[in-house]
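Student: Quick one, final08.txt (compact mmCIF, C-alpha atoms):
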# COMPACT_ATOMS: atom_id res chain seq x y z
CA MET A 1 38.66 2.37 -7.63
CA ARG A 2 35.70 4.66 -6.99
CA LYS A 3 36.69 6.86 -9.90
CA TYR A 4 36.74 3.88 -12.28
CA LEU A 5 33.53 2.53 -10.90
CA LYS A 6 31.86 5.88 -11.57
CA ILE A 7 33.18 5.89 -15.13
CA GLU A 8 32.06 2.31 -15.73
CA LEU A 9 28.61 2.89 -14.25
CA ARG A 10 28.20 5.98 -16.40
CA ARG A 11 29.09 3.88 -19.45
CA LEU A 12 26.57 1.29 -18.32
CA VAL A 13 23.72 3.77 -17.83
CA LYS A 14 24.42 5.37 -21.22
CA SER A 15 24.54 2.01 -22.97
CA PRO A 16 21.43 1.32 -25.13
CA ALA A 17 22.12 -2.40 -24.64
CA LEU A 18 21.11 -2.06 -20.98
CA TYR A 19 17.69 -0.77 -21.95
CA ILE A 20 17.29 -3.38 -24.68
CA ALA A 21 18.02 -6.15 -22.14
CA LEU A 22 15.64 -4.61 -19.60
CA ALA A 23 12.95 -4.33 -22.27
CA ILE A 24 13.34 -8.00 -23.27
CA GLY A 25 13.10 -9.05 -19.62
CA CYS A 26 10.08 -6.84 -19.02
CA VAL A 27 8.31 -8.18 -22.14
CA ILE A 28 8.54 -11.68 -20.64
CA THR A 29 7.41 -10.66 -17.16
CA VAL A 30 4.61 -8.38 -18.39
CA SER A 31 3.37 -11.12 -20.74
CA HIS A 32 3.11 -13.30 -17.64
CA VAL A 33 0.88 -10.71 -15.97
CA ILE A 34 -1.33 -10.46 -19.08
CA GLN A 35 -1.62 -14.22 -19.46
CA PHE A 36 -2.00 -15.32 -15.84
CA ALA A 37 -2.48 -12.55 -13.28
CA ILE A 38 -5.42 -10.98 -15.14
CA ASP A 39 -7.15 -14.39 -15.24
CA LYS A 40 -6.66 -14.70 -11.50
CA THR A 41 -8.20 -11.28 -10.97
CA LYS A 42 -11.25 -12.42 -12.95
CA ALA A 43 -11.45 -15.61 -10.87
CA ASN A 44 -11.29 -13.55 -7.66
CA GLU A 45 -14.07 -11.28 -8.89
CA LEU A 46 -16.44 -14.28 -9.03
CA GLU A 47 -16.26 -14.26 -5.20
CA LEU A 48 -16.79 -18.00 -4.97
CA PHE A 49 -15.74 -17.89 -1.33
CA LEU A 50 -19.24 -16.65 -0.54
CA GLU A 51 -20.61 -20.04 -1.64
CA ASN A 52 -17.72 -22.37 -0.96
CA ALA A 53 -15.88 -22.55 2.36
CA PHE A 54 -12.85 -24.02 0.60
CA TRP A 55 -12.34 -21.33 -1.95
CA TYR A 56 -9.44 -19.04 -1.20
CA PRO A 57 -8.80 -15.98 -3.35
CA HIS A 58 -5.73 -16.00 -5.56
CA SER A 59 -2.96 -14.09 -3.91
CA VAL A 60 0.20 -12.34 -5.06
CA PHE A 61 2.03 -15.33 -3.63
CA ASN A 62 0.61 -17.74 -6.17
CA SER A 63 0.32 -15.24 -9.01
CA ILE A 64 3.75 -13.76 -9.62
CA MET A 65 6.10 -15.24 -12.16
CA GLY A 66 7.81 -18.22 -10.55
CA LEU A 67 5.00 -19.03 -8.14
CA SER A 68 2.10 -19.44 -10.55
CA SER A 69 2.10 -22.98 -11.86
CA PHE A 70 2.68 -24.05 -15.45
CA ASP A 71 3.78 -20.73 -16.89
CA TRP A 72 6.22 -20.73 -19.78
CA GLN A 73 7.59 -17.34 -18.74
CA THR A 74 9.38 -18.68 -15.65
CA THR A 75 11.12 -21.38 -17.69
CA ALA A 76 11.97 -18.92 -20.47
CA PHE A 77 13.24 -16.24 -18.12
CA ILE A 78 15.47 -18.62 -16.18
CA ALA A 79 16.72 -20.19 -19.41
CA ILE A 80 17.65 -16.93 -21.13
CA ALA A 81 18.91 -15.21 -17.97
CA PRO A 82 22.59 -15.92 -18.86
CA LEU A 83 21.99 -14.34 -22.28
CA LEU A 84 20.08 -11.35 -20.94
CA ALA A 85 22.59 -10.62 -18.21
CA ALA A 86 25.40 -10.56 -20.76
CA ILE A 87 23.72 -8.08 -23.12
CA PRO A 88 24.41 -4.72 -21.43
CA PHE A 89 28.04 -4.98 -20.43
CA GLY A 90 29.05 -8.46 -21.45
CA ASN A 91 31.61 -7.56 -24.09
CA SER A 92 32.80 -4.25 -22.68
CA TYR A 93 35.97 -5.71 -21.15
CA PHE A 94 36.72 -7.53 -24.39
CA ILE A 95 36.22 -4.28 -26.34
CA ASP A 96 38.36 -2.36 -23.84
CA ILE A 97 41.20 -4.81 -24.47
CA LYS A 98 40.84 -4.96 -28.24
CA SER A 99 40.44 -1.21 -28.71
CA GLY A 100 43.46 -0.41 -26.58
CA TYR A 101 41.34 1.61 -24.14
CA ILE A 102 42.62 -0.55 -21.33
CA LYS A 103 46.21 0.60 -22.04
CA ASN A 104 45.23 4.22 -21.41
CA LEU A 105 43.71 3.25 -18.10
CA TYR A 106 46.61 1.11 -16.96
CA THR A 107 49.09 3.94 -17.55
CA ARG A 108 47.10 6.22 -15.23
CA ALA A 109 46.06 3.99 -12.37
CA LYS A 110 46.39 0.65 -10.64
CA LYS A 111 45.41 -2.39 -12.67
CA SER A 112 43.53 -3.92 -9.75
CA ASP A 113 41.36 -0.80 -9.37
CA TYR A 114 40.20 -1.00 -12.96
CA LEU A 115 39.64 -4.76 -12.79
CA LYS A 116 37.60 -4.49 -9.59
CA ALA A 117 35.56 -1.59 -10.95
CA LYS A 118 34.89 -3.51 -14.17
CA TYR A 119 33.82 -6.58 -12.18
CA MET A 120 31.48 -4.54 -9.98
CA SER A 121 29.88 -2.62 -12.83
CA THR A 122 29.38 -5.80 -14.87
CA PHE A 123 27.91 -7.51 -11.81
CA ILE A 124 25.53 -4.59 -11.25
CA SER A 125 24.42 -4.73 -14.90
CA GLY A 126 23.49 -8.42 -14.50
CA VAL A 127 21.70 -7.76 -11.21
CA MET A 128 19.66 -4.99 -12.83
CA VAL A 129 18.70 -6.93 -15.94
CA ILE A 130 17.37 -9.86 -13.91
CA GLY A 131 16.07 -8.02 -10.83
CA VAL A 132 14.18 -5.16 -12.46
CA PRO A 133 11.85 -7.27 -14.67
CA MET A 134 11.07 -9.48 -11.67
CA LEU A 135 10.20 -6.42 -9.58
CA VAL A 136 8.04 -5.07 -12.43
CA ASN A 137 6.18 -8.38 -12.46
CA LEU A 138 5.68 -8.23 -8.69
CA MET A 139 4.45 -4.62 -8.79
CA LEU A 140 1.97 -5.31 -11.59
CA CYS A 141 0.68 -8.40 -9.79
CA MET A 142 0.22 -6.40 -6.59
CA MET A 143 -2.07 -4.04 -8.53
CA LEU A 144 -4.26 -6.94 -9.63
CA VAL A 145 -4.35 -9.60 -6.91
CA PRO A 146 -4.46 -9.17 -3.13
CA ILE A 147 -1.61 -9.72 -0.72
CA LEU A 148 -3.13 -12.71 1.10
CA THR A 149 -0.93 -14.90 3.25
CA PRO A 150 -0.56 -18.41 1.80
CA ILE A 151 -2.57 -21.08 3.63
CA SER A 152 -1.37 -24.63 3.56
CA GLY A 153 -4.07 -27.08 2.60
CA SER A 154 -5.79 -24.61 0.29
CA GLY A 155 -4.12 -26.35 -2.62
CA LEU A 156 -3.26 -23.03 -4.24
CA PHE A 157 0.28 -22.47 -3.08
CA PRO A 158 3.12 -24.31 -4.76
CA VAL A 159 5.87 -24.45 -2.13
CA LEU A 160 5.82 -27.91 -0.59
CA ASP A 161 7.05 -29.30 2.67
CA GLY A 162 10.77 -30.05 2.55
CA SER A 163 11.53 -27.05 0.35
CA MET A 164 14.00 -24.39 1.35
CA TRP A 165 12.44 -21.59 3.46
CA VAL A 166 9.01 -23.28 3.39
CA ASP A 167 8.17 -21.90 6.85
CA LEU A 168 9.14 -18.44 5.68
CA TYR A 169 6.86 -18.75 2.65
CA TYR A 170 3.81 -19.53 4.79
CA ALA A 171 4.67 -17.09 7.60
CA HIS A 172 6.42 -14.14 5.94
CA PRO A 173 5.93 -14.64 2.22
CA PHE A 174 7.35 -11.26 1.22
CA ILE A 175 10.71 -12.17 2.77
CA TYR A 176 10.65 -15.45 0.84
CA LEU A 177 9.77 -13.62 -2.33
CA PHE A 178 12.39 -10.90 -2.01
CA GLY A 179 14.90 -13.54 -0.99
CA PHE A 180 14.35 -15.37 -4.28
CA ILE A 181 14.37 -12.16 -6.32
CA LEU A 182 17.70 -11.33 -4.67
CA ILE A 183 19.08 -14.80 -5.39
CA ASN A 184 18.00 -14.54 -9.04
CA SER A 185 19.54 -11.08 -9.29
CA LEU A 186 22.83 -12.19 -7.75
CA PHE A 187 23.01 -15.10 -10.17
CA GLY A 188 22.30 -12.59 -12.95
CA GLY A 189 25.31 -10.62 -11.73
CA LEU A 190 27.49 -13.71 -11.81
CA TYR A 191 26.24 -14.65 -15.29
CA ALA A 192 27.23 -11.20 -16.51
CA CYS A 193 30.67 -11.55 -14.92
CA LEU A 194 31.22 -14.87 -16.69
CA THR A 195 31.72 -12.80 -19.82
CA LEU A 196 34.79 -11.24 -18.18
CA ALA A 197 36.38 -14.65 -17.78
CA GLY A 198 35.25 -15.52 -21.31
CA SER A 199 37.07 -12.49 -22.71
CA TYR A 200 40.40 -14.31 -22.24
CA ILE A 201 39.23 -17.48 -23.98
CA ILE A 202 37.12 -16.22 -26.86
CA GLY A 203 38.25 -13.97 -29.68
CA ASN A 204 34.90 -12.60 -30.84
CA LYS A 205 32.82 -9.96 -29.10
CA PHE A 206 29.49 -11.64 -29.91
CA LEU A 207 30.68 -15.03 -28.76
CA VAL A 208 31.89 -13.42 -25.53
CA GLN A 209 28.29 -12.42 -24.83
CA LEU A 210 27.14 -15.98 -25.53
CA PHE A 211 29.77 -17.40 -23.19
CA PRO A 212 27.62 -17.47 -19.98
CA TYR A 213 24.77 -19.15 -21.84
CA ILE A 214 27.10 -21.80 -23.26
CA ILE A 215 28.76 -22.43 -19.90
CA ILE A 216 25.46 -22.68 -18.02
CA THR A 217 23.90 -24.95 -20.66
CA ILE A 218 26.88 -27.29 -20.71
CA GLY A 219 27.08 -27.17 -16.90
CA GLU A 220 23.42 -28.12 -16.57
CA MET A 221 23.92 -31.04 -18.94
CA PHE A 222 26.80 -32.34 -16.84
CA LEU A 223 24.90 -31.85 -13.59
CA SER A 224 21.98 -33.76 -15.07
CA VAL A 225 24.22 -36.65 -16.16
CA LEU A 226 25.85 -36.73 -12.71
CA ASN A 227 22.42 -36.64 -11.04
CA LEU A 228 23.29 -33.35 -9.35
CA ASN A 229 20.30 -31.44 -10.72
CA ARG A 230 19.79 -29.59 -7.46
CA PHE A 231 22.90 -27.56 -8.14
CA SER A 232 21.60 -26.52 -11.53
CA PRO A 233 20.53 -22.85 -11.85
CA SER A 234 17.28 -23.78 -13.59
CA ILE A 235 16.28 -25.67 -10.43
CA LEU A 236 17.84 -23.27 -7.91
CA LEU A 237 16.29 -20.13 -9.33
CA ASN A 238 12.73 -21.44 -9.55
CA MET A 239 10.78 -19.84 -6.69
CA SER A 240 8.18 -22.57 -6.51
CA GLN A 241 10.90 -25.22 -6.05
CA PRO A 242 9.31 -28.03 -8.07
CA THR A 243 12.41 -29.94 -7.00
CA PRO A 244 12.93 -28.91 -3.37
CA ILE A 245 16.36 -27.44 -2.79
CA GLN A 246 18.39 -26.66 0.31
CA GLY A 247 20.51 -23.66 1.18
CA ILE A 248 23.71 -25.65 0.74
CA HIS A 249 22.93 -26.22 -2.95
CA LEU A 250 22.58 -22.49 -3.46
CA VAL A 251 25.74 -21.63 -1.55
CA ILE A 252 27.87 -24.18 -3.43
CA ALA A 253 26.52 -23.11 -6.84
CA PHE A 254 27.13 -19.47 -5.95
CA ILE A 255 30.69 -20.08 -4.78
CA VAL A 256 31.56 -22.14 -7.88
CA LEU A 257 30.19 -19.44 -10.18
CA PHE A 258 31.91 -16.71 -8.20
CA LEU A 259 35.29 -18.45 -8.42
CA MET A 260 34.79 -18.94 -12.16
CA THR A 261 34.09 -15.24 -12.62
CA TRP A 262 36.78 -14.03 -10.21
CA SER A 263 39.39 -15.98 -12.15
CA TYR A 264 39.17 -13.01 -14.53
CA TYR A 265 40.68 -10.79 -11.84
CA TRP A 266 43.65 -13.06 -11.15
CA LYS A 267 44.26 -13.54 -14.85
CA GLY A 268 43.87 -9.80 -15.46
CA LEU A 269 46.45 -8.93 -12.81
CA LYS A 270 48.98 -11.31 -14.32
CA SER A 271 48.35 -10.48 -17.96
CA ASP A 272 50.42 -7.77 -19.58
CA ALA A 273 48.02 -5.52 -21.44
CA LEU A 274 50.70 -3.00 -22.20
CA MET B 1 20.97 16.87 -16.83
CA PRO B 2 18.71 19.86 -17.52
CA TYR B 3 16.32 20.92 -14.78
CA LYS B 4 13.29 20.33 -17.02
CA LYS B 5 14.32 16.74 -17.71
CA ILE B 6 14.84 16.03 -14.00
CA MET B 7 11.40 17.44 -13.18
CA ILE B 8 9.75 15.28 -15.86
CA ILE B 9 11.45 12.17 -14.50
CA ILE B 10 10.44 13.00 -10.91
CA LEU B 11 6.83 13.73 -11.90
CA LEU B 12 6.61 10.55 -13.96
CA THR B 13 8.00 8.46 -11.09
CA ILE B 14 5.60 10.00 -8.58
CA SER B 15 2.63 9.44 -10.94
CA ILE B 16 3.54 5.80 -11.59
CA PHE B 17 3.98 5.03 -7.90
CA SER B 18 0.77 6.88 -6.99
CA ILE B 19 -1.25 4.81 -9.47
CA TRP B 20 0.45 1.65 -8.26
CA GLY B 21 -0.23 2.53 -4.61
CA TYR B 22 -3.87 3.39 -5.28
CA LYS B 23 -4.55 0.17 -7.21
CA THR B 24 -2.73 -1.96 -4.64
CA VAL B 25 -4.66 -0.48 -1.73
CA GLN B 26 -7.93 -0.86 -3.64
CA VAL B 27 -7.45 -4.54 -4.47
CA ASN B 28 -6.45 -5.33 -0.88
CA ARG B 29 -9.48 -3.49 0.45
CA ASN B 30 -11.70 -5.77 -1.65
CA TYR B 31 -10.01 -8.90 -0.30
CA PRO B 32 -8.98 -8.27 3.30
CA LYS B 33 -6.70 -10.67 5.13
CA ALA B 34 -8.51 -13.74 6.48
CA ASP B 35 -9.09 -13.56 10.24
CA LYS B 36 -7.89 -16.64 12.11
CA VAL B 37 -10.55 -18.45 14.13
CA GLU B 38 -9.09 -21.28 16.19
CA HIS B 39 -10.97 -24.12 17.88
CA VAL B 40 -9.79 -27.01 19.99
CA LEU B 41 -11.18 -30.46 20.71
CA GLY B 42 -14.38 -30.15 22.72
CA ASP B 43 -15.31 -26.78 21.25
CA SER B 44 -18.71 -26.03 19.84
CA PHE B 45 -19.14 -23.46 17.11
CA PRO B 46 -21.64 -22.36 14.47
CA TYR B 47 -20.81 -23.45 10.95
CA GLN B 48 -22.95 -22.87 7.86
CA GLY B 49 -26.13 -22.74 9.91
CA LEU B 50 -25.27 -25.88 11.88
CA ASN B 51 -23.96 -26.17 15.39
CA ILE B 52 -20.82 -28.30 15.39
CA ILE B 53 -19.34 -29.99 18.43
CA VAL B 54 -15.82 -31.30 17.97
CA ASP B 55 -15.95 -34.45 20.05
CA LYS B 56 -12.60 -36.27 19.81
CA LYS B 57 -9.84 -37.48 17.54
CA GLU B 58 -8.42 -40.96 17.09
CA ILE B 59 -5.37 -42.29 15.29
CA ILE B 60 -5.50 -45.95 14.27
CA THR B 61 -3.84 -48.44 11.94
CA LYS B 62 -5.56 -50.01 8.98
CA SER B 63 -6.37 -53.26 10.81
CA GLU B 64 -7.83 -51.31 13.73
CA MET B 65 -9.83 -49.30 11.25
CA GLU B 66 -11.29 -52.45 9.72
CA LYS B 67 -12.23 -53.79 13.18
CA ALA B 68 -13.71 -50.51 14.35
CA TYR B 69 -15.72 -49.86 11.22
CA PRO B 70 -16.52 -53.23 9.62
CA ASN B 71 -19.72 -51.90 8.14
CA GLU B 72 -18.30 -48.64 7.01
CA MET B 73 -16.32 -50.00 4.10
CA LEU B 74 -18.44 -48.04 1.70
CA ILE B 75 -17.42 -44.84 3.39
CA VAL B 76 -13.78 -45.53 3.00
CA GLY B 77 -14.16 -48.29 0.44
CA ASN B 78 -12.10 -46.73 -2.28
CA MET B 79 -9.36 -45.89 0.14
CA LEU B 80 -9.13 -49.13 2.11
CA SER B 81 -9.30 -51.37 -0.92
CA ASP B 82 -6.93 -49.29 -2.97
CA LEU B 83 -4.35 -48.60 -0.32
CA GLY B 84 -2.23 -51.27 1.31
CA ASP B 85 -1.32 -51.59 4.98
CA GLU B 86 1.11 -48.75 4.64
CA TYR B 87 -1.52 -46.23 5.69
CA ASN B 88 -2.79 -45.16 9.09
CA TYR B 89 -5.97 -43.25 9.79
CA LEU B 90 -6.77 -40.09 11.63
CA LEU B 91 -10.41 -39.91 12.67
CA LEU B 92 -12.15 -36.78 13.82
CA TYR B 93 -15.55 -37.20 15.48
CA LEU B 94 -18.03 -34.37 15.06
CA ASN B 95 -21.64 -33.88 16.13
CA LEU B 96 -23.62 -31.74 13.74
CA LYS B 97 -26.85 -30.29 15.02
CA ASN B 98 -29.41 -28.54 12.88
CA ASP B 99 -31.40 -26.30 15.24
CA THR B 100 -33.28 -24.59 12.41
CA LYS B 101 -36.54 -25.58 10.75
CA GLU B 102 -34.97 -26.19 7.36
CA ASP B 103 -32.67 -28.86 5.96
CA ILE B 104 -29.10 -27.65 5.65
CA THR B 105 -26.56 -28.77 3.08
CA HIS B 106 -23.06 -28.37 4.40
CA GLN B 107 -19.46 -28.75 3.33
CA VAL B 108 -18.02 -30.70 6.22
CA ILE B 109 -17.19 -33.31 3.62
CA GLN B 110 -14.52 -31.00 2.26
CA TRP B 111 -12.62 -30.32 5.44
CA VAL B 112 -8.91 -30.87 5.09
CA VAL B 113 -6.20 -31.70 7.55
CA SER B 114 -2.72 -30.26 7.44
CA TYR B 115 0.34 -30.43 9.63
CA GLY B 116 2.91 -27.86 10.52
CA VAL B 117 1.84 -24.34 11.29
CA TYR B 118 2.98 -23.14 7.92
CA GLY B 119 4.11 -26.19 6.00
CA ASN B 120 2.00 -27.73 3.33
CA GLY B 121 0.41 -30.89 4.67
CA ALA B 122 0.04 -32.57 1.34
CA SER B 123 2.86 -35.01 1.90
CA LEU B 124 1.50 -36.30 5.19
CA ILE B 125 -2.23 -36.40 4.78
CA THR B 126 -3.12 -37.52 1.33
CA ASP B 127 -6.86 -37.19 1.28
CA ILE B 128 -10.09 -36.80 3.16
CA ILE B 129 -12.99 -39.17 2.93
CA ASN B 130 -16.30 -39.08 4.62
CA SER B 131 -19.91 -40.11 4.42
CA ASP B 132 -21.55 -39.08 1.18
CA VAL B 133 -24.43 -37.50 3.12
CA SER B 134 -24.04 -33.77 3.10
CA THR B 135 -27.47 -32.59 4.25
CA VAL B 136 -28.67 -32.42 7.85
CA GLU B 137 -32.44 -32.38 8.23
CA ALA B 138 -34.26 -29.81 10.37
CA GLY B 139 -33.94 -30.52 14.10
CA GLU B 140 -31.66 -33.51 13.46
CA GLU B 141 -28.32 -34.26 15.12
CA VAL B 142 -25.86 -36.28 13.09
CA ARG B 143 -22.57 -37.86 14.14
CA TYR B 144 -19.82 -37.52 11.61
CA VAL B 145 -16.50 -39.23 11.44
CA LEU B 146 -14.03 -37.46 9.21
CA VAL B 147 -11.48 -39.97 7.98
CA PHE B 148 -8.02 -38.91 6.84
CA ASN B 149 -5.41 -41.36 5.71
CA TYR B 150 -1.66 -40.82 5.84
CA PRO B 151 1.47 -42.90 5.27
CA ALA B 152 2.07 -45.37 8.13
CA GLU B 153 5.76 -44.40 8.24
CA TYR B 154 4.70 -41.34 10.25
CA GLY B 155 3.50 -43.72 13.03
CA THR B 156 0.46 -43.26 15.23
CA ASP B 157 2.00 -40.67 17.49
CA LEU B 158 1.50 -37.43 15.63
CA THR B 159 1.92 -35.18 18.65
CA LYS B 160 5.07 -33.62 17.26
CA TYR B 161 3.11 -32.26 14.31
CA ASP B 162 0.94 -29.16 14.55
CA LEU B 163 -2.08 -30.97 13.20
CA LYS B 164 -5.10 -28.94 12.32
CA VAL B 165 -8.32 -29.52 10.45
CA THR B 166 -9.50 -26.62 8.37
CA ALA B 167 -13.22 -25.88 8.32
CA GLU B 168 -13.14 -22.71 6.24
CA LEU B 169 -10.51 -20.79 4.33
CA TYR B 170 -12.04 -17.43 3.54
CA PRO B 171 -13.21 -14.81 4.61
CA ASP B 172 -12.38 -16.39 7.98
CA TYR B 173 -9.61 -18.92 8.27
CA GLU B 174 -11.31 -21.29 10.70
CA TYR B 175 -9.63 -24.44 11.93
CA ILE B 176 -9.50 -26.96 14.75
CA ILE B 177 -6.16 -27.59 16.44
CA LEU B 178 -5.79 -31.30 17.10
CA ASN B 179 -2.59 -31.42 19.17
Take the structure in the file and write it out as structure tokens.
Tutor:
Amino acid sequence: MRKYLKIELRRLVKSPALYIALAIGCVITVSHVIQFAIDKTKANELELFLENAFWYPHSVFNSIMGLSSFDWQTTAFIAIAPLLAAIPFGNSYFIDIKSGYIKNLYTRAKKSDYLKAKYMSTFISGVMVIGVPMLVNLMLCMMLVPILTPISGSGLFPVLDGSMWVDLYYAHPFIYLFGFILINSLFGGLYACLTLAGSYIIGNKFLVQLFPYIIITIGEMFLSVLNLNRFSPSILLNMSQPTPIQGIHLVIAFIVLFLMTWSYYWKGLKSDAL
Amino acid sequence: MPYKKIMIIILLTISIFSIWGYKTVQVNRNYPKADKVEHVLGDSFPYQGLNIIVDKKEIITKSEMEKAYPNEMLIVGNMLSDLGDEYNYLLLYLNLKNDTKEDITHQVIQWVVSYGVYGNGASLITDIINSDVSTVEAGEEVRYVLVFNYPAEYGTDLTKYDLKVTAELYPDYEYIILN
């Protein structure tokens, strides 16, 4: 499997689509820095804390995308994440099947090795496309606003009592932050892998890339109708937790998505590509 | 990959991270972490030129509040008239002494209470209200009662909560632990 994984990762790194997706993600996260973090730097420079005992400087933990209130970038990034994640490697499995490339591979090695390697490389592509722009946003914010521990009662920090990991946010905010970046990235990986499952259903390479977006949008509509919003990715992936979530919501959503994506593997093993 | 290309990538990466590290250190040097200054009931400490003695705390229901402060409706007028019986009150008694020769305007009126060491207290304590006087004349000692209201469903025994009243956020994070 290692050999295939190497090949697939090399294809991924050489794919211009990866860099296009990263660029789109970074445009959103950098625009957030320009629009919000720079304003917070200017507010900090006024040094109002010298006159007012209840002024607390803006911190990284209320300035990064996802934790600064009322920014369109968080909503946009979460909404287009299924699309972004599918850009780099979303239709590669579909193309491998249609071009006959998969037949060459299957004659030389085990089917399961190729399928696992394809799943892993696609997952990694999704993780990168979601994780890297978020890390860029964090790094740029760290250059502009200080790393000050959130203080409850200051009115600046968005994570409310009853939210998941609230104690972590106020005690060890970096762990909270990296935890959410990791969750977002893992969901990005699963979004990307949804395209693999979609390759069996859809007969067009562009529609295959749209498949995760369609599935997530329809899924969110159903969850909303069933009053199960807390399982919806747009709620789960929001760091500020405007609707407080619990770990169980995350775990269930992750397992459901994983099973949906892994169905590709079972189907792939059974299908006769040759 | 040619050697030259690898070197360019390494140099670029080092440069980017150096600039990032320099800027990050610089911004954090300008805004150092707030030092925690803790007080407990009975403590006396200097605050904005005044000497503050934290006398005691009291937790009472709305009817007890009305009996205890029948003439203080103006102080809490907007709260008591607007809110029903579903609120209890946390009172913090302070003595403010101005030992200087000048009048001092202070911000005790803005003190906030929160619960939980880290949790946001907004859902328990909804507001702070206090006398509208915010200046202590030279040589004068004034008694202040800080009044915080919170939903009655939390009861009057708040010992399980890490209640604290914040006096200042930055550059020192100064607060009084109530439990």
Student: Report as an NGL selection string the set of chain A residues whose atoms approach chain B to within 10 Å, with distances computed over only C-alpha atoms.
Tutor: :A and (41 or 44-45 or 47-50 or 52-59 or 139-155 or 157-163 or 165-172)
Student: I'd like the contact shell of A:Thr122 - 7 Å cut-off, all atoms listed in the file, skipping same-chain residues fewer than 6 positions apart - returned as a JSON list (two decimals) with C-alpha atoms, in the coordinates of the input.
Tutor:
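Produced file part.json, reproduced below:
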[["chain", "number", "residue", "atom", "x", "y", "z"],
["A", 89, "PHE", "CA", 28.04, -4.98, -20.43],
["A", 192, "ALA", "CA", 27.23, -11.20, -16.51],
["A", 193, "CYS", "CA", 30.67, -11.55, -14.92]]
Student: Which one of B:Ile10, B:Val136, B:Leu178, B:Ile16 sits closest to B:Tyr93 if you count all atoms listed in the file?
Tutor: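 Once distances to B:Tyr93 are computed over all atoms listed in the file, the minimum belongs to B:Leu178.
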Student: State, in Å with one decimal place, the distance from atom CA of A:Ile245 to atom CA of A:Phe222.
Tutor: 18.2 Å
Student: Nearest to A:Gly268: which of A:Ile102, A:Ile64, A:Leu207, A:Met1 is it, counting all atoms listed in the file?
Tutor: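 Closest residue, counting all atoms listed in the file: A:Ile102.
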Student: Which of these, B:Pro151, B:Gly42, B:Gly49, B:Pro2, has the shortest distance to B:Lys97 once you count only C-alpha atoms?
Tutor: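 Of all the options, B:Gly49 lies closest to B:Lys97.
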Student: I'd like the interatomic distance between atom CA of A:Gly203 and atom CA of A:Phe94, to a tenth of an Å.
Tutor: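 That distance, rounded to one decimal, is 8.5 Å.
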Student: Counting only C-alpha atoms, what is within 10 Å of B:Leu41, bar same-chain residues fewer than 3 positions away, as a ChimeraX atom specification?
Tutor: /B:44,53-57,92-94,176-179
Student: Using only C-alpha atoms, find each residue in stretch 142-238 of chain A having at least one atom no more than 8 Å away from stretch 65-84 of chain A; report its shortest atom-to-atom pair and that distance in Å (one decimal), rows by chain then rising number, as a Markdown table.
Tutor:
| residue | atom | partner | partner_atom | distance |
| --- | --- | --- | --- | --- |
| A:Phe157 | CA | A:Leu67 | CA | 7.7 |
| A:Pro158 | CA | A:Leu67 | CA | 6.5 |
| A:Gly188 | CA | A:Ala81 | CA | 6.6 |
| A:Tyr191 | CA | A:Pro82 | CA | 5.3 |
| A:Ala192 | CA | A:Pro82 | CA | 7.0 |
| A:Gln209 | CA | A:Leu83 | CA | 7.1 |
| A:Leu210 | CA | A:Leu83 | CA | 6.3 |
| A:Pro212 | CA | A:Pro82 | CA | 5.4 |
| A:Tyr213 | CA | A:Pro82 | CA | 4.9 |
| A:Ile216 | CA | A:Pro82 | CA | 7.4 |
| A:Pro233 | CA | A:Ile78 | CA | 7.9 |
| A:Ser234 | CA | A:Ile78 | CA | 6.1 |
| A:Leu237 | CA | A:Ile78 | CA | 7.1 |
| A:Asn238 | CA | A:Gly66 | CA | 6.0 |
Student: For the atom pair atom CA of A:Lys42 and atom CA of A:Gly25, what is the interatomic distance in Å to one decimal place?
Tutor: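 Answer for the atom CA of A:Lys42 to atom CA of A:Gly25 separation: 25.5 Å.
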